[in-house]
$ cat input-v5.txt   # compact mmCIF, C-alpha atoms
# COMPACT_ATOMS: atom_id res chain seq x y z
CA MET N 1 -138.62 -107.29 -151.06
CA THR N 2 -135.53 -109.27 -150.08
CA SER N 3 -132.39 -107.26 -149.33
CA TYR N 4 -128.84 -108.18 -148.39
CA ILE N 5 -125.97 -107.00 -146.25
CA PHE N 6 -122.58 -108.25 -147.37
CA ARG N 7 -119.70 -108.12 -144.90
CA TYR N 8 -116.14 -108.36 -146.12
CA PHE N 9 -112.85 -106.51 -146.27
CA ASP N 10 -112.56 -103.64 -148.73
CA THR N 11 -110.57 -105.70 -151.23
CA ILE N 12 -111.14 -108.09 -154.14
CA GLY N 13 -110.22 -111.32 -152.34
CA LEU N 14 -112.93 -113.93 -151.90
CA GLY N 15 -115.64 -111.28 -151.97
CA GLU N 16 -115.66 -110.10 -155.57
CA THR N 17 -117.67 -112.99 -157.01
CA ILE N 18 -120.32 -112.38 -154.36
CA ARG N 19 -120.44 -108.68 -155.25
CA LEU N 20 -120.85 -109.55 -158.94
CA LEU N 21 -123.64 -112.02 -158.20
CA LEU N 22 -125.54 -109.52 -156.05
CA THR N 23 -125.14 -106.83 -158.69
CA ALA N 24 -126.14 -109.09 -161.60
CA ALA N 25 -129.18 -110.28 -159.64
CA LYS N 26 -130.40 -106.66 -159.41
CA VAL N 27 -131.19 -106.98 -155.72
CA ASP N 28 -130.99 -104.37 -152.99
CA TRP N 29 -127.66 -104.84 -151.21
CA THR N 30 -125.17 -102.91 -149.16
CA GLU N 31 -121.64 -103.71 -148.06
CA GLU N 32 -120.16 -103.43 -144.60
CA ASN N 33 -116.40 -103.50 -143.96
CA PRO N 34 -116.09 -104.50 -140.29
CA GLU N 35 -113.19 -103.30 -138.17
CA TRP N 36 -110.84 -106.26 -137.88
CA PRO N 37 -110.10 -108.06 -135.62
CA GLN N 38 -112.39 -106.06 -133.34
CA GLU N 39 -115.52 -107.45 -135.04
CA LYS N 40 -114.21 -110.99 -135.42
CA ALA N 41 -116.19 -112.37 -132.47
CA ASN N 42 -119.44 -110.95 -133.88
CA GLN N 43 -119.28 -113.06 -137.06
CA PRO N 44 -120.92 -116.52 -137.17
CA PHE N 45 -117.66 -118.44 -137.65
CA GLY N 46 -115.34 -115.65 -136.62
CA ARG N 47 -114.39 -114.92 -140.24
CA LEU N 48 -115.48 -113.12 -143.39
CA PRO N 49 -117.31 -113.00 -145.75
CA VAL N 50 -120.78 -113.04 -144.25
CA LEU N 51 -124.09 -112.58 -146.06
CA ILE N 52 -127.26 -111.46 -144.27
CA GLU N 53 -130.53 -111.91 -146.14
CA ARG N 54 -133.43 -109.82 -144.91
CA SER N 55 -137.03 -110.41 -145.94
CA ALA N 56 -139.67 -107.71 -146.19
CA ASP N 57 -142.18 -109.90 -144.32
CA GLY N 58 -140.27 -109.50 -141.06
CA SER N 59 -139.11 -113.11 -140.84
CA PRO N 60 -135.76 -113.75 -139.11
CA ASP N 61 -132.60 -112.88 -140.96
CA PHE N 62 -130.93 -115.68 -142.90
CA VAL N 63 -127.20 -115.56 -142.24
CA LEU N 64 -124.51 -117.40 -144.20
CA SER N 65 -120.75 -117.59 -143.89
CA GLU N 66 -118.02 -119.13 -146.12
CA SER N 67 -117.48 -117.63 -149.56
CA SER N 68 -118.24 -120.70 -151.68
CA THR N 69 -121.48 -121.38 -149.79
CA ILE N 70 -122.62 -117.78 -150.23
CA GLU N 71 -121.71 -117.78 -153.93
CA ARG N 72 -123.61 -120.96 -154.70
CA TYR N 73 -126.64 -119.93 -152.69
CA LEU N 74 -126.90 -116.68 -154.66
CA ALA N 75 -126.09 -118.34 -157.99
CA ARG N 76 -128.85 -120.91 -157.49
CA THR N 77 -131.35 -118.41 -156.12
CA TYR N 78 -130.96 -116.01 -159.04
CA GLY N 79 -130.48 -118.43 -161.91
CA PHE N 80 -126.74 -118.22 -162.54
CA LEU N 81 -126.30 -121.96 -161.95
CA PRO N 82 -128.26 -124.63 -163.85
CA ILE N 83 -131.11 -126.41 -162.09
CA ASP N 84 -129.67 -129.67 -163.40
CA PRO N 85 -127.30 -131.04 -160.69
CA ARG N 86 -124.75 -132.24 -163.23
CA GLY N 87 -124.65 -128.92 -165.02
CA ALA N 88 -124.25 -127.12 -161.70
CA ALA N 89 -121.49 -129.50 -160.58
CA LEU N 90 -119.50 -128.81 -163.75
CA GLN N 91 -119.42 -125.13 -162.85
CA GLU N 92 -118.80 -125.66 -159.15
CA GLN N 93 -115.74 -127.83 -159.73
CA LEU N 94 -114.13 -125.01 -161.72
CA ARG N 95 -114.61 -122.63 -158.82
CA ASP N 96 -113.18 -125.17 -156.38
CA ARG N 97 -110.08 -125.41 -158.57
CA GLN N 98 -109.72 -121.63 -158.48
CA ILE N 99 -109.95 -121.57 -154.68
CA ASP N 100 -107.30 -124.29 -154.49
CA LEU N 101 -105.00 -122.17 -156.65
CA ILE N 102 -105.58 -119.06 -154.54
CA MET N 103 -104.75 -121.00 -151.38
CA SER N 104 -101.70 -122.51 -153.07
CA PHE N 105 -100.40 -119.08 -154.00
CA ARG N 106 -101.05 -117.59 -150.57
CA GLY N 107 -99.48 -120.61 -148.89
CA HIS N 108 -96.24 -120.31 -150.81
CA LEU N 109 -95.76 -116.77 -149.49
CA THR N 110 -95.28 -118.11 -145.96
CA LEU N 111 -92.49 -120.54 -146.90
CA SER N 112 -88.76 -120.10 -146.51
CA ASP N 113 -86.87 -118.85 -149.57
CA SER N 114 -85.51 -122.33 -150.27
CA ALA N 115 -88.98 -123.88 -150.34
CA LYS N 116 -90.75 -120.93 -151.97
CA GLU N 117 -89.26 -121.45 -155.44
CA GLU N 118 -90.39 -125.07 -155.65
CA ALA N 119 -93.88 -124.21 -154.38
CA TYR N 120 -94.17 -121.36 -156.89
CA ALA N 121 -93.22 -123.68 -159.75
CA LYS N 122 -95.95 -126.09 -158.61
CA PHE N 123 -98.45 -123.24 -158.46
CA GLU N 124 -97.51 -122.16 -161.99
CA GLY N 125 -98.07 -125.69 -163.30
CA LEU N 126 -101.52 -125.80 -161.71
CA LEU N 127 -102.33 -122.39 -163.18
CA ASP N 128 -101.34 -123.56 -166.66
CA LYS N 129 -103.66 -126.53 -166.36
CA MET N 130 -106.59 -124.42 -165.21
CA VAL N 131 -106.09 -121.86 -167.98
CA ASN N 132 -106.03 -124.66 -170.55
CA ILE N 133 -109.17 -126.27 -169.15
CA HIS N 134 -111.17 -123.05 -169.08
CA THR N 135 -109.96 -122.02 -172.52
CA ALA N 136 -111.14 -125.38 -173.88
CA ILE N 137 -114.57 -124.82 -172.28
CA LEU N 138 -114.86 -121.42 -173.94
CA ARG N 139 -113.87 -122.88 -177.31
CA GLU N 140 -116.38 -125.71 -176.97
CA ASN N 141 -119.06 -123.09 -176.34
CA GLY N 142 -118.19 -121.37 -179.63
CA ASN N 143 -115.90 -118.67 -178.19
CA THR N 144 -118.93 -116.45 -177.60
CA GLY N 145 -117.49 -114.84 -174.49
CA TYR N 146 -119.63 -117.07 -172.27
CA SER N 147 -118.42 -120.25 -170.59
CA PHE N 148 -121.77 -122.01 -170.82
CA GLY N 149 -124.77 -121.25 -172.99
CA SER N 150 -125.50 -117.77 -174.26
CA LYS N 151 -125.71 -115.72 -171.08
CA LEU N 152 -123.81 -114.76 -167.96
CA SER N 153 -123.13 -117.63 -165.57
CA TYR N 154 -121.62 -118.29 -162.15
CA THR N 155 -118.52 -119.60 -163.89
CA ASP N 156 -118.04 -116.37 -165.84
CA MET N 157 -118.26 -114.24 -162.70
CA ALA N 158 -116.04 -116.55 -160.66
CA MET N 159 -113.35 -116.73 -163.35
CA TYR N 160 -113.46 -112.97 -163.86
CA SER N 161 -112.96 -112.43 -160.13
CA PHE N 162 -110.09 -114.92 -160.13
CA MET N 163 -108.42 -113.06 -163.00
CA LYS N 164 -108.99 -109.72 -161.29
CA MET N 165 -107.41 -110.94 -158.07
CA PHE N 166 -104.22 -111.99 -159.80
CA VAL N 167 -103.77 -109.08 -162.22
CA ILE N 168 -104.88 -106.28 -159.86
CA GLN N 169 -104.88 -107.26 -156.18
CA PHE N 170 -101.74 -109.40 -156.09
CA VAL N 171 -99.53 -106.55 -157.29
CA GLN N 172 -99.16 -105.90 -153.55
CA TYR N 173 -97.09 -109.08 -153.25
CA SER N 174 -94.98 -108.82 -156.37
CA GLU N 175 -95.01 -107.40 -159.89
CA LYS N 176 -93.91 -110.86 -161.01
CA VAL N 177 -97.28 -112.49 -160.35
CA PRO N 178 -99.53 -110.17 -162.40
CA LYS N 179 -97.03 -110.28 -165.27
CA LEU N 180 -96.99 -114.08 -165.16
CA PHE N 181 -100.77 -114.28 -165.10
CA LYS N 182 -101.28 -111.74 -167.89
CA ALA N 183 -98.81 -113.64 -170.07
CA LYS N 184 -100.88 -116.80 -169.67
CA LEU N 185 -104.25 -115.26 -170.51
CA THR N 186 -105.58 -116.66 -173.77
CA PRO N 187 -107.65 -114.66 -176.30
CA GLU N 188 -110.67 -116.70 -175.23
CA LEU N 189 -110.29 -115.70 -171.57
CA ILE N 190 -109.72 -112.08 -172.47
CA LYS N 191 -112.88 -112.12 -174.59
CA MET N 192 -114.79 -113.61 -171.66
CA ALA N 193 -113.60 -110.75 -169.44
CA SER N 194 -114.57 -108.17 -172.07
CA THR N 195 -118.00 -109.75 -172.48
CA LEU N 196 -118.67 -109.60 -168.75
CA GLU N 197 -117.50 -106.01 -168.49
CA ALA N 198 -119.85 -105.01 -171.31
CA ASP N 199 -122.85 -106.82 -169.81
CA PRO N 200 -125.58 -104.26 -168.96
CA LEU N 201 -126.04 -105.91 -165.56
CA LEU N 202 -122.42 -105.37 -164.56
CA GLU N 203 -120.98 -102.61 -166.76
CA ALA N 204 -121.47 -99.78 -164.25
CA TYR N 205 -120.19 -101.85 -161.34
CA VAL N 206 -116.95 -103.02 -162.98
CA SER N 207 -116.24 -99.54 -164.32
CA LYS N 208 -116.37 -98.25 -160.76
CA ARG N 209 -114.49 -101.12 -159.09
CA GLY N 210 -111.71 -101.62 -161.65
CA ARG N 211 -111.71 -103.45 -164.97
CA VAL N 212 -109.52 -106.36 -165.96
CA ALA N 213 -109.57 -104.93 -169.50
CA ASP N 214 -107.74 -101.82 -168.34
CA VAL N 215 -104.91 -103.93 -166.98
CA VAL N 216 -104.51 -106.56 -169.71
CA GLN N 217 -105.16 -104.01 -172.47
CA VAL N 218 -108.05 -105.83 -174.13
$ encode --input "input-v5.txt" --output "structure tokens"
Amino acid sequence: MTSYIFRYFDTIGLGETIRLLLTAAKVDWTEENPEWPQEKANQPFGRLPVLIERSADGSPDFVLSESSTIERYLARTYGFLPIDPRGAALQEQLRDRQIDLIMSFRGHLTLSDSAKEEAYAKFEGLLDKMVNIHTAILRENGNTGYSFGSKLSYTDMAMYSFMKMFVIQFVQYSEKVPKLFKAKLTPELIKMASTLEADPLLEAYVSKRGRVADVVQV
């Protein structure tokens, strides 16, 4: 039986989608939180996350780095991305947009006060556009709580993790950011979060790790 070791920091960050995928796939997995930067040199690219796949047949471990690569490998392996390349690409582009927004937000924190305000306004405009795009996708799918089709997908888990990062994790930077994000959440996105949190595959995990519903008062 295949099992996994997932290495990342003990935070939401770029690791939460991977945790959701591993949990939804019902595979045997454990998480390691390496001492940092002491363990930096022992990682394939000197960074986290890292996924180690171990096979029961004794074959060599399969080791992956880079969050998006790990996510898509797991999503394809366990059926959370379509086999059709076009269908998969439609979901992958949404995740790429989320990563761009995360990097945009983190980048603005390093700027001088004079430049920070302009960068934050740009970030907010990009966030508005992404919220509108994903809301339209949910509406086109009948507002069922799923982004595509009638079951949990990579997109649902990635968007949920993105929401969780901004409304829970980023409180450490400023109360302003979670308030801004919560104000922009549409009923369709909130329903998507509620649907994921009620999914039998993930219900126990999200209850233990922190629910978006508890923060946005679904």
$ axis_aligned_box --input "input-v5.txt" --around "stretch 81-96 of chain N" --padding-each-side "6 Å" --output "AutoDock Vina command-line options"
--center_x -122.1 --center_y -127.1 --center_z -160.7 --size_x 29.9 --size_y 22.3 --size_z 20.6
$ closest_residue --input "input-v5.txt" --among "N:Leu81, N:Leu185, N:Asp199, N:Phe6" --to "N:Gly149" --atoms "all atoms listed in the file"
N:Leu81
$ residues_around --input "input-v5.txt" --residues "stretch 60-77 of chain N" --least-positions-apart "6" --cutoff "8 Å" --atoms "only C-alpha atoms" --output "list of chain:residue names"
N:Leu14, N:Gly15, N:Thr17, N:Ile18, N:Leu21, N:Leu22, N:Pro44, N:Phe45, N:Arg47, N:Leu48, N:Pro49, N:Val50, N:Leu51, N:Ile52, N:Glu53, N:Arg54, N:Ile83, N:Tyr154
$ atom_distance --input "input-v5.txt" --atom1 "atom CA of N:Gln38" --atom2 "atom CA of N:Ile12"
20.9 Å
$ residues_around --input "input-v5.txt" --residues "N:Val215" --least-positions-apart "5" --cutoff "10 Å" --atoms "only C-alpha atoms" --output "PyMOL selection string"
chain N and resi 164+167-168+178+182+210
$ closest_residue --input "input-v5.txt" --among "N:Ser59, N:Ser161, N:Ser150, N:Ser114" --to "N:Ile99" --atoms "only C-alpha atoms"
N:Ser161
$ closest_residue --input "input-v5.txt" --among "N:Val212, N:Leu127, N:Leu201, N:Met159" --to "N:Leu180" --atoms "only C-alpha atoms"
N:Leu127
$ atom_distance --input "input-v5.txt" --atom1 "atom CA of N:Lys184" --atom2 "atom CA of N:Asp156"
17.6 Å
$ closest_residue --input "input-v5.txt" --among "N:Pro200, N:Pro34, N:Gly107, N:Gly79" --to "N:Tyr120" --atoms "only C-alpha atoms"
N:Gly107
$ closest_residue --input "input-v5.txt" --among "N:Asp96, N:Glu197, N:Glu35, N:Glu203" --to "N:Tyr146" --atoms "all atoms listed in the file"
N:Glu197
$ atom_distance --input "input-v5.txt" --atom1 "atom CA of N:Asp10" --atom2 "atom CA of N:Glu31"
9.1 Å
$ closest_residue --input "input-v5.txt" --among "N:Trp29, N:Phe170, N:Phe9, N:Phe80" --to "N:Met157" --atoms "only C-alpha atoms"
N:Phe80
$ residues_around --input "input-v5.txt" --residues "stretch 132-142 of chain N" --least-positions-apart "2" --cutoff "9 Å" --atoms "only C-alpha atoms" --output "ChimeraX atom specification"
/N:94,127-130,144-150,159,186-189,192
